[in-house]
Each structure stands twice: as C-alpha cells, then as structure tokens.
file structure-v2.cif (mmCIF, C-alpha atoms)
data_protein
#
loop_
_atom_site.label_atom_id
_atom_site.label_comp_id
_atom_site.auth_asym_id
_atom_site.auth_seq_id
_atom_site.Cartn_x
_atom_site.Cartn_y
_atom_site.Cartn_z
CA MET S 281 -26.57 -45.15 -30.95
CA ARG S 282 -23.31 -46.64 -32.21
CA THR S 283 -19.92 -45.24 -31.25
CA ILE S 284 -17.17 -44.99 -33.88
CA SER S 285 -13.73 -43.80 -32.84
CA SER S 286 -12.00 -41.01 -34.75
CA GLU S 287 -8.96 -43.33 -35.01
CA GLU S 288 -11.03 -45.73 -37.08
CA ILE S 289 -12.03 -42.92 -39.46
CA GLU S 290 -8.40 -41.75 -39.69
CA ARG S 291 -7.20 -45.27 -40.54
CA ALA S 292 -9.93 -45.65 -43.18
CA VAL S 293 -8.98 -42.35 -44.86
CA TYR S 294 -5.31 -43.42 -44.84
CA ARG S 295 -6.17 -46.73 -46.56
CA LEU S 296 -8.52 -45.11 -49.07
CA ALA S 297 -5.95 -42.46 -50.05
CA ARG S 298 -3.42 -45.16 -50.81
CA GLU S 299 -5.85 -47.30 -52.77
CA ALA S 300 -7.19 -44.36 -54.78
CA CYS S 301 -3.83 -42.85 -55.74
CA LEU S 302 -2.25 -46.14 -56.81
CA HIS S 303 -5.04 -47.61 -58.94
CA LEU S 304 -7.45 -46.76 -61.73
CA ILE S 305 -10.97 -47.91 -60.90
CA PRO S 306 -11.66 -51.09 -62.95
CA SER S 307 -14.46 -49.50 -65.00
CA CYS S 308 -12.07 -46.72 -66.06
CA ARG S 309 -9.41 -49.21 -67.06
CA ALA S 310 -11.97 -51.18 -69.08
CA ALA S 311 -13.05 -47.97 -70.86
CA LEU S 312 -9.44 -47.13 -71.76
CA GLU S 313 -8.91 -50.67 -73.08
CA ARG S 314 -12.04 -50.38 -75.25
CA ALA S 315 -10.83 -47.00 -76.52
CA GLU S 316 -7.41 -48.43 -77.40
CA ARG S 317 -9.09 -51.16 -79.47
CA SER S 318 -11.33 -48.69 -81.30
CA GLU S 319 -8.83 -45.91 -82.09
CA GLU S 320 -6.99 -46.04 -85.40
CA GLY S 321 -4.76 -42.95 -85.23
CA GLU S 322 -1.11 -43.44 -84.29
CA GLY S 323 -1.13 -40.64 -81.70
CA ALA S 324 -4.31 -41.84 -79.99
CA ARG S 325 -3.06 -45.42 -79.79
CA PHE S 326 0.33 -44.29 -78.49
CA ALA S 327 -1.35 -42.26 -75.73
CA LEU S 328 -3.75 -45.01 -74.67
CA SER S 329 -1.17 -47.78 -74.64
CA ALA S 330 1.15 -45.56 -72.55
CA LEU S 331 -1.69 -44.99 -70.07
CA LEU S 332 -2.45 -48.70 -69.72
CA LYS S 333 1.25 -49.47 -69.30
CA ASN S 334 1.45 -46.67 -66.74
CA ALA S 335 -1.40 -48.19 -64.73
CA ASP S 336 0.46 -51.52 -64.63
CA ILE S 337 3.71 -49.87 -63.50
CA ALA S 338 1.89 -47.89 -60.80
CA ALA S 339 0.26 -51.01 -59.37
CA GLU S 340 3.39 -53.17 -59.58
CA GLU S 341 5.81 -50.60 -58.18
CA GLN S 342 3.33 -48.95 -55.80
CA MET S 343 3.91 -45.54 -57.39
CA ALA S 344 1.21 -42.89 -57.71
CA ILE S 345 -0.56 -43.47 -61.00
CA CYS S 346 -0.40 -39.71 -61.70
CA GLN S 347 1.90 -37.24 -59.95
CA ASP S 348 -1.09 -35.00 -59.34
CA THR S 349 -2.33 -36.91 -56.34
CA GLY S 350 -4.87 -34.18 -56.08
CA TYR S 351 -6.94 -32.23 -53.66
CA ALA S 352 -8.15 -34.88 -51.20
CA VAL S 353 -11.91 -34.77 -51.61
CA VAL S 354 -13.68 -36.81 -48.93
CA LEU S 355 -17.42 -37.44 -49.00
CA ALA S 356 -18.74 -38.68 -45.65
CA GLU S 357 -22.28 -39.99 -45.28
CA ILE S 358 -22.80 -40.18 -41.55
CA GLY S 359 -25.66 -42.18 -40.09
CA GLN S 360 -27.54 -40.05 -37.58
CA GLU S 361 -27.31 -42.84 -35.02
CA VAL S 362 -23.51 -42.60 -35.01
CA HIS S 363 -21.57 -40.95 -32.24
CA ILE S 364 -17.99 -40.05 -33.17
CA GLU S 365 -15.64 -40.33 -30.21
CA GLY S 366 -12.22 -38.70 -30.01
CA LYS S 367 -10.99 -35.99 -32.38
CA LEU S 368 -13.11 -33.71 -34.50
CA LEU S 369 -14.16 -35.50 -37.69
CA ALA S 370 -12.32 -32.95 -39.88
CA ASP S 371 -9.12 -33.43 -37.86
CA ALA S 372 -9.34 -37.22 -38.15
CA VAL S 373 -9.76 -36.93 -41.94
CA ASP S 374 -6.86 -34.47 -42.26
CA ASP S 375 -4.62 -36.67 -40.08
CA GLY S 376 -5.35 -39.66 -42.34
CA VAL S 377 -4.55 -37.58 -45.44
CA ARG S 378 -1.38 -36.13 -43.91
CA LYS S 379 0.01 -39.54 -42.96
CA ALA S 380 -0.90 -41.22 -46.28
CA TYR S 381 0.61 -38.47 -48.46
CA LYS S 382 3.83 -38.64 -46.43
CA ASP S 383 4.13 -42.43 -46.16
CA PHE S 384 3.32 -43.21 -49.81
CA CYS S 385 5.35 -40.38 -51.41
CA PHE S 386 2.29 -38.62 -52.83
CA ARG S 387 2.66 -35.02 -53.93
CA LYS S 388 1.60 -32.23 -51.60
CA SER S 389 -0.38 -29.86 -53.80
CA ILE S 390 -2.38 -27.63 -51.46
CA CYS S 391 -1.39 -23.99 -51.07
CA ASP S 392 -2.63 -20.59 -49.95
CA PRO S 393 -4.61 -19.07 -52.83
CA ILE S 394 -2.93 -15.67 -52.52
CA THR S 395 0.64 -16.25 -51.31
CA ARG S 396 0.81 -19.73 -52.97
CA ALA S 397 2.66 -21.01 -49.87
CA ASN S 398 2.28 -24.81 -49.78
CA THR S 399 0.74 -26.34 -46.64
CA ALA S 400 3.36 -29.10 -47.14
CA ASP S 401 1.13 -32.00 -46.06
CA ASN S 402 -1.74 -31.89 -48.58
CA THR S 403 -4.24 -30.76 -45.96
CA PRO S 404 -6.87 -29.60 -45.51
CA ALA S 405 -9.04 -32.16 -47.28
CA ALA S 406 -12.24 -30.98 -48.97
CA LEU S 407 -14.65 -32.72 -46.60
CA HIS S 408 -18.35 -32.87 -47.47
CA THR S 409 -20.61 -34.36 -44.82
CA GLU S 410 -24.17 -35.51 -45.14
CA ILE S 411 -26.33 -36.86 -42.34
CA VAL S 412 -28.19 -39.98 -43.45
CA ALA S 413 -30.28 -42.69 -41.81
CA GLY S 414 -28.57 -45.57 -39.99
CA ASP S 415 -25.59 -46.24 -37.75
CA LYS S 416 -22.70 -46.38 -40.25
CA ILE S 417 -20.29 -43.97 -41.91
CA ALA S 418 -19.75 -44.32 -45.68
CA LEU S 419 -16.51 -42.70 -46.84
CA THR S 420 -15.54 -41.91 -50.44
CA PHE S 421 -12.06 -40.64 -51.27
CA LEU S 422 -11.56 -38.83 -54.57
CA PRO S 423 -8.07 -37.42 -55.23
CA LYS S 424 -8.94 -34.58 -57.61
CA GLY S 425 -6.30 -33.41 -60.08
CA PHE S 426 -6.45 -29.76 -61.02
CA GLY S 427 -5.50 -29.82 -64.70
CA SER S 428 -9.02 -31.12 -65.17
CA GLU S 429 -10.62 -29.23 -62.24
CA ASN S 430 -9.49 -25.99 -63.92
CA MET S 431 -11.59 -26.83 -66.98
CA SER S 432 -14.83 -27.19 -65.00
CA ARG S 433 -17.71 -24.72 -65.48
CA ILE S 434 -21.08 -23.78 -64.03
CA TYR S 435 -24.00 -22.46 -66.07
CA MET S 436 -27.07 -20.77 -64.65
CA LEU S 437 -29.38 -21.55 -67.57
CA THR S 438 -32.92 -20.28 -67.96
CA PRO S 439 -35.60 -22.98 -67.65
CA ALA S 440 -36.44 -22.36 -71.34
CA LYS S 441 -33.08 -23.86 -72.34
CA GLY S 442 -34.28 -27.30 -71.23
CA ILE S 443 -32.64 -30.57 -72.17
CA ASP S 444 -30.93 -29.15 -75.29
CA GLY S 445 -29.42 -26.37 -73.20
CA ILE S 446 -28.07 -28.88 -70.68
CA VAL S 447 -26.45 -31.02 -73.38
CA ASP S 448 -25.01 -27.90 -75.11
CA ALA S 449 -23.45 -26.76 -71.82
CA ILE S 450 -21.76 -30.14 -71.26
CA VAL S 451 -20.44 -30.33 -74.82
CA GLU S 452 -19.26 -26.71 -74.80
CA THR S 453 -17.33 -27.26 -71.57
CA VAL S 454 -15.47 -30.26 -72.97
CA ALA S 455 -14.85 -28.48 -76.30
CA LEU S 456 -13.39 -25.40 -74.58
CA ALA S 457 -11.14 -27.62 -72.45
CA GLY S 458 -9.74 -29.22 -75.60
CA SER S 459 -6.44 -31.00 -75.03
CA LYS S 460 -5.74 -29.33 -71.68
CA PRO S 461 -7.45 -31.58 -69.07
CA CYS S 462 -5.89 -34.91 -70.18
CA PRO S 463 -8.63 -36.28 -72.43
CA PRO S 464 -10.39 -38.67 -72.77
CA VAL S 465 -12.24 -37.02 -69.89
CA TYR S 466 -14.97 -38.17 -67.55
CA ALA S 467 -17.60 -35.43 -67.19
CA GLY S 468 -19.44 -35.23 -63.88
CA VAL S 469 -22.58 -33.14 -64.23
CA GLY S 470 -24.87 -31.63 -61.64
CA ILE S 471 -28.32 -30.57 -62.82
CA GLY S 472 -30.55 -28.49 -60.57
CA GLY S 473 -30.22 -27.47 -56.94
CA THR S 474 -28.62 -24.10 -56.18
CA PHE S 475 -25.34 -22.59 -57.42
CA ASP S 476 -23.42 -24.38 -54.64
CA THR S 477 -25.28 -27.69 -54.37
CA CYS S 478 -25.20 -28.08 -58.15
CA ALA S 479 -21.38 -28.04 -58.11
CA LEU S 480 -21.30 -30.65 -55.35
CA LEU S 481 -23.68 -32.87 -57.35
CA ALA S 482 -21.23 -32.68 -60.26
CA LYS S 483 -18.41 -33.81 -57.97
CA LYS S 484 -20.54 -36.67 -56.61
CA ALA S 485 -21.35 -37.74 -60.17
CA LEU S 486 -17.63 -38.47 -60.60
CA THR S 487 -17.79 -41.15 -57.92
CA ARG S 488 -20.06 -43.27 -60.12
CA GLU S 489 -18.64 -46.14 -62.19
CA VAL S 490 -17.54 -45.19 -65.70
CA GLY S 491 -20.21 -46.46 -68.10
CA SER S 492 -22.99 -46.52 -65.49
CA HIS S 493 -26.29 -44.84 -66.28
CA HIS S 494 -28.57 -42.69 -64.16
CA PRO S 495 -31.65 -44.71 -63.10
CA ARG S 496 -33.99 -42.05 -64.51
CA LYS S 497 -34.40 -42.58 -68.25
CA ASP S 498 -34.57 -38.89 -69.21
CA VAL S 499 -31.33 -38.22 -67.29
CA ALA S 500 -29.62 -41.27 -68.80
CA ALA S 501 -30.65 -39.93 -72.23
CA ILE S 502 -28.86 -36.64 -71.47
CA GLU S 503 -25.72 -38.61 -70.50
CA GLU S 504 -25.85 -40.57 -73.73
CA ALA S 505 -26.58 -37.59 -76.02
CA ALA S 506 -23.78 -35.53 -74.48
CA LEU S 507 -21.26 -38.39 -74.71
CA GLN S 508 -22.02 -38.94 -78.36
CA ARG S 509 -21.66 -35.27 -79.26
CA ILE S 510 -18.42 -34.99 -77.24
CA ASN S 511 -16.94 -37.94 -79.08
CA ASP S 512 -17.85 -36.31 -82.39
CA LEU S 513 -15.62 -33.33 -81.45
CA GLY S 514 -12.51 -35.22 -82.54
CA ILE S 515 -10.30 -34.01 -79.64
CA GLY S 516 -9.20 -37.60 -78.97
CA PRO S 517 -6.82 -39.01 -76.36
CA GLN S 518 -4.44 -36.23 -75.18
CA GLY S 519 -5.86 -33.98 -77.91
CA PHE S 520 -4.02 -36.02 -80.55
CA GLY S 521 -7.30 -36.51 -82.46
CA GLY S 522 -9.61 -39.52 -82.43
CA LYS S 523 -12.96 -40.96 -81.52
CA THR S 524 -12.55 -40.96 -77.76
CA SER S 525 -12.70 -37.46 -76.26
CA ALA S 526 -14.63 -38.70 -73.22
CA ILE S 527 -15.01 -42.10 -71.57
CA GLY S 528 -18.27 -41.13 -69.95
CA VAL S 529 -20.78 -38.52 -68.84
CA SER S 530 -22.35 -38.99 -65.43
CA CYS S 531 -25.26 -36.78 -64.33
CA GLU S 532 -26.83 -36.31 -60.91
CA ILE S 533 -29.96 -34.26 -60.36
CA ALA S 534 -31.75 -32.36 -57.61
CA PRO S 535 -34.87 -30.20 -57.50
CA THR S 536 -34.25 -26.56 -58.39
CA HIS S 537 -36.07 -23.20 -58.26
CA ILE S 538 -38.87 -22.33 -60.74
CA ALA S 539 -36.70 -19.49 -62.10
CA GLY S 540 -33.55 -21.48 -62.79
CA LEU S 541 -31.70 -24.40 -64.31
CA PRO S 542 -28.20 -24.67 -62.84
CA VAL S 543 -25.82 -27.02 -64.66
CA ALA S 544 -22.34 -27.68 -63.28
CA ILE S 545 -19.76 -29.67 -65.22
CA ASN S 546 -16.85 -31.02 -63.20
CA ILE S 547 -14.17 -32.34 -65.53
CA GLN S 548 -12.17 -35.40 -64.48
CA CYS S 549 -9.18 -36.57 -66.54
CA HIS S 550 -8.93 -40.12 -67.90
CA CYS S 551 -7.34 -41.18 -64.63
CA VAL S 552 -10.52 -41.89 -62.64
CA ARG S 553 -9.43 -42.64 -59.11
CA CYS S 554 -11.91 -43.23 -56.31
CA ALA S 555 -12.03 -45.48 -53.26
CA LYS S 556 -14.93 -46.22 -50.93
CA THR S 557 -15.55 -47.94 -47.64
CA VAL S 558 -18.25 -48.29 -45.01
CA ILE S 559 -17.44 -48.23 -41.31
CA MET C 194 10.61 -43.76 -82.43
CA LYS C 195 13.50 -41.39 -82.97
CA ASN C 196 16.23 -41.12 -80.30
CA ILE C 197 16.99 -37.52 -79.32
CA THR C 198 19.84 -36.43 -77.07
CA LEU C 199 19.46 -33.45 -74.74
CA PRO C 200 20.48 -30.65 -74.63
CA LEU C 201 19.01 -30.12 -78.10
CA THR C 202 21.19 -28.96 -80.99
CA GLU C 203 19.94 -26.44 -83.57
CA GLU C 204 20.23 -29.16 -86.19
CA ALA C 205 18.21 -31.70 -84.20
CA ILE C 206 15.47 -29.12 -83.67
CA GLU C 207 15.28 -28.32 -87.39
CA ASN C 208 14.85 -32.00 -88.20
CA LEU C 209 11.91 -32.57 -85.84
CA ARG C 210 8.39 -32.65 -87.30
CA ALA C 211 5.06 -32.37 -85.45
CA GLY C 212 3.51 -35.80 -84.93
CA GLU C 213 6.82 -37.65 -84.67
CA GLY C 214 7.33 -39.95 -81.68
CA VAL C 215 10.66 -39.41 -79.88
CA LEU C 216 12.63 -40.89 -76.98
CA LEU C 217 14.48 -38.17 -75.07
CA SER C 218 17.72 -38.91 -73.20
CA GLY C 219 19.91 -36.38 -71.38
CA THR C 220 19.28 -33.48 -69.04
CA ILE C 221 16.37 -31.05 -68.60
CA LEU C 222 15.17 -28.58 -65.98
CA THR C 223 11.76 -28.88 -64.34
CA GLY C 224 9.65 -25.77 -63.89
CA ARG C 225 5.95 -25.07 -63.56
CA ASP C 226 3.65 -22.24 -62.38
CA CYS C 227 5.53 -20.84 -59.36
CA ALA C 228 9.01 -21.39 -60.85
CA HIS C 229 8.02 -19.47 -64.00
CA LYS C 230 6.64 -16.63 -61.93
CA ARG C 231 9.84 -16.57 -59.83
CA ILE C 232 12.09 -16.61 -62.93
CA CYS C 233 10.24 -13.60 -64.34
CA GLU C 234 10.46 -11.78 -61.00
CA PHE C 235 14.26 -12.29 -61.08
CA LEU C 236 14.34 -10.88 -64.62
CA ASP C 237 12.12 -7.91 -63.66
CA ASP C 238 14.42 -7.10 -60.74
CA GLY C 239 17.51 -7.42 -62.94
CA LYS C 240 18.84 -10.23 -60.73
CA PRO C 241 20.91 -13.05 -62.26
CA LEU C 242 19.05 -16.38 -62.48
CA PRO C 243 20.48 -19.21 -60.35
CA PHE C 244 20.72 -21.33 -63.55
CA ALA C 245 21.21 -20.60 -67.25
CA LEU C 246 18.30 -21.05 -69.67
CA ARG C 247 20.31 -20.91 -72.91
CA GLY C 248 20.00 -24.18 -74.80
CA GLU C 249 17.90 -25.78 -72.06
CA THR C 250 14.69 -27.77 -72.19
CA ILE C 251 12.07 -27.19 -69.48
CA TYR C 252 9.74 -29.98 -68.38
CA TYR C 253 6.46 -28.65 -66.97
CA ALA C 254 6.26 -31.02 -64.05
CA GLY C 255 5.99 -31.19 -60.28
CA PRO C 256 7.11 -34.66 -59.20
CA CYS C 257 5.93 -36.79 -56.30
CA PRO C 258 8.70 -37.34 -53.72
CA ALA C 259 11.12 -40.15 -54.64
CA PRO C 260 10.40 -43.47 -52.93
CA ALA C 261 13.41 -45.35 -51.49
CA GLY C 262 15.67 -46.67 -54.25
CA LYS C 263 14.31 -44.38 -56.99
CA ALA C 264 15.63 -41.11 -58.44
CA CYS C 265 12.13 -39.69 -58.72
CA GLY C 266 8.53 -40.43 -57.80
CA SER C 267 5.59 -40.29 -60.17
CA CYS C 268 6.23 -37.45 -62.60
CA GLY C 269 4.03 -36.77 -65.61
CA PRO C 270 3.54 -33.46 -67.43
CA THR C 271 1.24 -30.66 -66.28
CA THR C 272 -0.96 -28.44 -68.50
CA SER C 273 1.37 -26.25 -70.57
CA ALA C 274 -1.15 -23.49 -71.33
CA ARG C 275 -0.70 -22.10 -67.80
CA MET C 276 2.89 -21.27 -68.70
CA ASP C 277 1.95 -19.52 -71.99
CA SER C 278 2.14 -15.99 -70.61
CA PHE C 279 5.77 -16.55 -69.50
CA THR C 280 7.04 -18.66 -72.41
CA PRO C 281 7.92 -16.09 -75.15
CA ARG C 282 10.14 -14.27 -72.65
CA LEU C 283 12.00 -17.48 -71.78
CA LEU C 284 12.38 -18.46 -75.43
CA GLY C 285 13.89 -15.00 -76.02
CA LEU C 286 16.55 -15.90 -73.44
CA GLY C 287 17.58 -18.99 -75.37
CA LEU C 288 15.26 -21.69 -74.04
CA LYS C 289 15.12 -24.34 -76.77
CA GLY C 290 12.70 -27.03 -75.69
CA MET C 291 9.57 -27.49 -73.63
CA ILE C 292 7.81 -30.66 -72.53
CA GLY C 293 4.25 -30.56 -71.26
CA LYS C 294 0.73 -31.50 -72.23
CA GLY C 295 -1.93 -29.81 -74.31
CA GLU C 296 -2.20 -26.93 -76.75
CA ARG C 297 -0.31 -23.61 -76.60
CA SER C 298 -1.39 -20.04 -77.41
CA ALA C 299 -0.82 -18.48 -80.84
CA GLU C 300 1.87 -16.23 -79.28
CA VAL C 301 3.78 -19.26 -78.04
CA VAL C 302 3.55 -21.01 -81.42
CA ASP C 303 4.92 -17.86 -83.14
CA SER C 304 7.69 -17.57 -80.58
CA ILE C 305 8.68 -21.25 -81.06
CA VAL C 306 9.07 -20.62 -84.80
CA LYS C 307 10.90 -17.31 -84.31
CA ASN C 308 13.40 -18.81 -81.85
CA ASN C 309 13.94 -22.15 -83.58
CA ALA C 310 12.59 -24.10 -80.61
CA VAL C 311 10.35 -27.13 -80.10
CA TYR C 312 7.45 -28.22 -77.89
CA PHE C 313 7.03 -31.87 -76.99
CA ALA C 314 3.78 -33.39 -75.66
CA ALA C 315 4.22 -36.04 -73.04
CA ILE C 316 1.28 -38.26 -72.12
CA GLY C 317 -0.59 -36.56 -69.28
CA GLY C 318 -1.38 -38.97 -66.47
CA ALA C 319 1.44 -41.41 -67.20
CA GLY C 320 3.22 -40.34 -64.02
CA ALA C 321 4.63 -43.72 -62.96
CA LEU C 322 5.97 -44.47 -66.44
CA TYR C 323 7.70 -41.07 -66.67
CA GLY C 324 9.00 -41.22 -63.10
CA ASN C 325 10.85 -44.38 -64.09
CA ALA C 326 12.46 -42.61 -67.07
CA VAL C 327 14.14 -40.17 -64.65
CA LYS C 328 17.52 -41.68 -63.72
CA LYS C 329 18.94 -38.79 -61.74
CA SER C 330 17.40 -35.78 -60.00
CA GLU C 331 19.18 -32.78 -58.50
CA LEU C 332 17.61 -29.74 -56.81
CA ILE C 333 18.83 -26.63 -58.65
CA ALA C 334 16.81 -23.68 -57.32
CA PHE C 335 13.84 -22.43 -55.28
CA PRO C 336 13.67 -25.25 -52.68
CA ASP C 337 10.86 -23.40 -50.85
CA LEU C 338 8.58 -24.24 -53.77
CA LEU C 339 8.73 -27.98 -52.84
CA SER C 340 7.41 -29.99 -55.81
CA GLU C 341 7.38 -26.77 -57.86
CA ALA C 342 11.12 -26.16 -57.32
CA VAL C 343 13.56 -26.37 -60.24
CA TYR C 344 15.24 -29.77 -60.53
CA ARG C 345 17.76 -31.02 -63.07
CA PHE C 346 16.62 -34.43 -64.29
CA THR C 347 18.58 -36.91 -66.33
CA PHE C 348 16.20 -38.78 -68.66
CA GLU C 349 16.69 -42.15 -70.24
CA ASN C 350 14.31 -42.89 -73.11
CA PHE C 351 11.55 -40.49 -72.10
CA PRO C 352 8.75 -41.11 -74.64
CA CYS C 353 6.84 -38.16 -76.08
CA VAL C 354 5.55 -36.64 -79.29
CA VAL C 355 6.75 -33.56 -81.19
CA ALA C 356 3.68 -31.32 -80.79
CA ILE C 357 4.83 -27.98 -82.22
CA ASP C 358 7.94 -27.84 -84.39
CA CYS C 359 10.17 -24.91 -85.41
CA HIS C 360 8.52 -24.79 -88.84
CA GLY C 361 5.10 -24.09 -87.30
CA GLY C 362 3.80 -27.67 -87.57
CA ASN C 363 1.23 -28.19 -84.79
CA ILE C 364 -0.55 -31.45 -83.91
CA TYR C 365 -3.35 -29.58 -82.12
CA GLN C 366 -4.36 -27.68 -85.25
CA LYS C 367 -7.28 -29.51 -86.82
#
call {"tool": "encode", "arguments": {"input": "structure-v2.cif", "output": "structure tokens"}}
result
Amino acid sequence: MRTISSEEIERAVYRLAREACLHLIPSCRAALERAERSEEGEGARFALSALLKNADIAAEEQMAICQDTGYAVVLAEIGQEVHIEGKLLADAVDDGVRKAYKDFCFRKSICDPITRANTADNTPAALHTEIVAGDKIALTFLPKGFGSENMSRIYMLTPAKGIDGIVDAIVETVALAGSKPCPPVYAGVGIGGTFDTCALLAKKALTREVGSHHPRKDVAAIEEAALQRINDLGIGPQGFGGKTSAIGVSCEIAPTHIAGLPVAINIQCHCVRCAKTVI
Amino acid sequence: MKNITLPLTEEAIENLRAGEGVLLSGTILTGRDCAHKRICEFLDDGKPLPFALRGETIYYAGPCPAPAGKACGSCGPTTSARMDSFTPRLLGLGLKGMIGKGERSAEVVDSIVKNNAVYFAAIGGAGALYGNAVKKSELIAFPDLLSEAVYRFTFENFPCVVAIDCHGGNIYQK
C-alpha cells in the first residue's frame, strides 16, 4: 500500500491544467504544419498560418491558446494499492481546477443546464476514475471545448452494418459538423461497449497522439479509411475548403453485446490540448 | 488585406466580397448565446435595450479574463450557428455586422442580403492572436453573464475573412 496525499493530486491537476490550456500537443502542431505545406487555397493557408502564429503567441505570452478553456475532463487511473489521504479525490481535482482557472485567467465555462447560471470557477470537472494494477495514479487532463463537443454523435448500429457502417458513421458525423467545430478536426471514436462506455472510449481516444495508430490492424484500417474519406469531403481548415478536414481519426474498442454495434464519435477541434502525469 | 474601419458604413459593406481578407479596426460589441437570449427577452417585454444595435457589429465571443497589463485575455470566435435563431431579428433592428466562425442558416443569409449587412469569419481557435488585437474593453451590459456579458471592444487590425456579403456571396457554399 502506498499513500498519496490529496494535496499532491490537487497540485498535479493545477499544473496539468496550465500546461494543457497554454500549449498544443507537439503531434497536433506537426499535423497543422504539414497541412499548411500541403494546402494550396488562400483561405486554408490563411487559417493554418494564423493558428500556428496563435500557438506561438500563446506560448510566449502565457495566454490560453483558445478562449474556450473547456470543460475540465480528468481521467484518473488509480492503482489499487494506492491509499489517498486527505480530501475526497473529486474535491482535490476540483480544487486544482478552480485555482488554475483563476490564477491563469482561463475562462469559466461551466453552468447549470437549465438556468444557465455559471458556477464561476469552472468546476465541477468531469472526473472519470478507473482502478488499475499498481501503486501509482496516472492523471490525464483534457480541456474540452464545446464548439466541437456539440458536433459529437453516437450511433447504435446493427451488427450487420460492420466495418463499412462504422466508417460511414464517422464520415457522416464530420460532414454534418461542416465548418462549425473548427476544422481540421480530430475525431475520437469509441467502437463497442455499451451506450455509456462507448462514449467514454471516444473521449479516451482523443488523448492519443495525433497520427498514432491503433495496435490492432483492422482498427487502424478503420482509422485510415475514415480519415481519407473525411479529407475528400473538401470542408478544409475553418470550412474555407481544402484537403485537410481532419488531422486524424483515433479509434478505441471494447467488447460489445451480440445484438449491437455502438459507435461514438467525439469531435475535437484542431486545437488538441492534453497533458499527462504519473504520481 | 483590406483595412476596414468600424462601425461599418453602408458603402463599405456594399464593397465587401465573400472570400476577401480584411483587417478590422474600431469598436464592436461582444455577444453570444446568453446575451442574445437576454436581448430578445428585453424586446419581447418591450423594455429598452441597455445599448443601441443600429449600425453595430457583434462579435460572437466570450473572452478569457484579462491578464495583468492586457485589455483582454484569449478571445477567439465561437460557433455562429447557435445565434442563427436570433440573428434576423437583430438585423431587423439595424445590426450591420457579425463576426464568428462557421456557416449560417439560409434564413440568416437571406436576412444579411435584405438588410445590407455582412458576416465575417474569424479563425476559430486563434484566441491568443485575437486577444492581442483587442486594445480596449469595457463592460456594457449583463455583468451577471460573466464571460457571456456584452463588452465594447476596440480592435486594432483584427484579421478575418468576409464570409457572407450583402450580395449573397457565401464562402461556405460549395
């Protein structure tokens, strides 16, 4: 048994929030640079060069890279030999979020769904915990913007739809989103599980590096086929037209029921922000 | 890129064409989801608005708080389509310009043409770059809405693209 204090978790969340909201992950930046080199249209090039310049300004001036500093999504993989001492885990996470969003001038975007009254400190975080082997805690912080979250979809396909049905669902979701979610997008896809676990898989898929492939060949083939068809849609950066409508498709899978084939597509804008640490 | 001074004149609007890059300088009002809803509630109740819309340009944005020494924090555009249901009403009251990101509904495009207005697309996600183009920020109305309140911003060389012009030109139409 290893003891980890809630203060340590709070400090880690604080650091991760800062790192995630101020920087693009390097694989996302590299994808945007490749896109800028390959696009020929004036609008597409204008959009991509503005985004690269924006990333430089954000890092230099320590300003949020995008004003939508998001819903604070925190994935915590907790080793079952860990004992957390002090506050409740959820309170420690929220306290880290609260302090980071205040200290670094990040936007507070969380509100009551009915009255729309803002909680004024960007809490609560969306905390997903998983008990794993070992005596460590792995934390992933994903500030999730909602222009793109709004364009996400879930399909409960019949098993007969198969691989073609999965690829069609991914492409249709990106096509329907069009220019609205800040393309080029990063599509996180969950395949299998249940209605709820499928959506969480899609979110987890967004924490993978842009350009990475699923280790299973048949899943990697779905990622590749969907990406190619999305980039044939012609939406382009910001919807200005072009070859780059997505910088990647990332799929995660789980076993499902004999009667179903759930597919969830969680859309992420071009601003892929994610920070990780292990305590 | 063409330099455009705000507030927009009728003549400047008529000369803008979809696809053109522009640098905006001058004053605008910010307003997004909750502010639009509130404006329409004022109108429904027959109450006077705390600011005039005639001749104004609205930027669909909810800024990050300003860090020390800056007029504004990170402040890029939000998705314009969420404002579509409110927009024709505001254009009818004399609103002339809108800045946001992404396509608009057919009703909004028709209303832009009918009212000799213009819609600019800013680059979604370029929050730090746009925050730096804001030289002055003043809270105008609805402070309880926090980042969704209405602010008057003074822009200096705010880069964007004419997305829908008053002649019906539309960069999102393939």
call {"tool": "resolve_selection", "arguments": {"input": "structure-v2.cif", "expression": "the PyMOL selection byres ((chain S) within 7 of (chain C))", "output": "ChimeraX atom specification"}}
result
/S:327,330-331,334,337-338,343-347,385-387,427,459-460,462,518-520,551
call {"tool": "atom_distance", "arguments": {"input": "structure-v2.cif", "atom1": "CA of Arg309 in chain S", "atom2": "CA of Gly514 in chain S"}}
result
21.1 Å
call {"tool": "resolve_selection", "arguments": {"input": "structure-v2.cif", "expression": "the PyMOL selection byres ((chain C and resi 309) around 9)", "output": "ChimeraX atom specification"}}
result
/C:203,206-207,289,304-308,310-311,358-360
call {"tool": "closest_residue", "arguments": {"input": "structure-v2.cif", "among": "S:Leu355, S:Val362, S:Ala400, S:Ala457", "to": "Leu481 in chain S", "atoms": "all atoms listed in the file"}}
result
S:Leu355
call {"tool": "resolve_selection", "arguments": {"input": "structure-v2.cif", "expression": "the PyMOL selection byres ((chain C and resi 198) around 8)", "output": "list in words"}}
result
Asn196, Ile197, Leu199, Pro200, Leu201, Leu217, Ser218 and Gly219 of chain C
call {"tool": "closest_residue", "arguments": {"input": "structure-v2.cif", "among": "S:Cys301, S:Ile559, S:Pro464, S:His493", "to": "Ser286 in chain S", "atoms": "all atoms listed in the file"}}
result
S:Ile559
call {"tool": "atom_distance", "arguments": {"input": "structure-v2.cif", "atom1": "CA of Ser525 in chain S", "atom2": "CA of Ser389 in chain S"}}
result
26.7 Å
call {"tool": "residues_around", "arguments": {"input": "structure-v2.cif", "residues": "range 432-437 of chain S", "least_positions_apart": "6", "cutoff": "7 Å", "atoms": "all atoms listed in the file", "output": "list in words"}}
result
Thr453, Gly540, Leu541, Pro542, Val543, Ala544, Ile545, Asn546 and Ile547 of chain S
call {"tool": "atom_distance", "arguments": {"input": "structure-v2.cif", "atom1": "CA of Thr399 in chain S", "atom2": "CA of Phe348 in chain C"}}
result
29.6 Å
call {"tool": "closest_residue", "arguments": {"input": "structure-v2.cif", "among": "S:Ala292, S:Ile471, S:Val447, S:Ala297", "to": "His537 in chain S", "atoms": "all atoms listed in the file"}}
result
S:Ile471
call {"tool": "residues_around", "arguments": {"input": "structure-v2.cif", "residues": "Ala479 in chain S", "least_positions_apart": "3", "cutoff": "7 Å", "atoms": "only C-alpha atoms", "output": "NGL selection string"}}
result
:S and (470 or 475-476 or 482-483 or 544)
call {"tool": "residues_around", "arguments": {"input": "structure-v2.cif", "residues": "Ile450 in chain S", "least_positions_apart": "5", "cutoff": "8 Å", "atoms": "all atoms listed in the file", "output": "list in words"}}
result
Ala467, Val469, Ala506 and Ile545 of chain S
call {"tool": "closest_residue", "arguments": {"input": "structure-v2.cif", "among": "C:Met291, C:Lys328, C:Val355, C:Pro336", "to": "Gly323 in chain S", "atoms": "only C-alpha atoms"}}
result
C:Val355
call {"tool": "residues_around", "arguments": {"input": "structure-v2.cif", "residues": "Val552 in chain S", "least_positions_apart": "5", "cutoff": "7 Å", "atoms": "all atoms listed in the file", "output": "ChimeraX atom specification"}}
result
/S:304-305,308
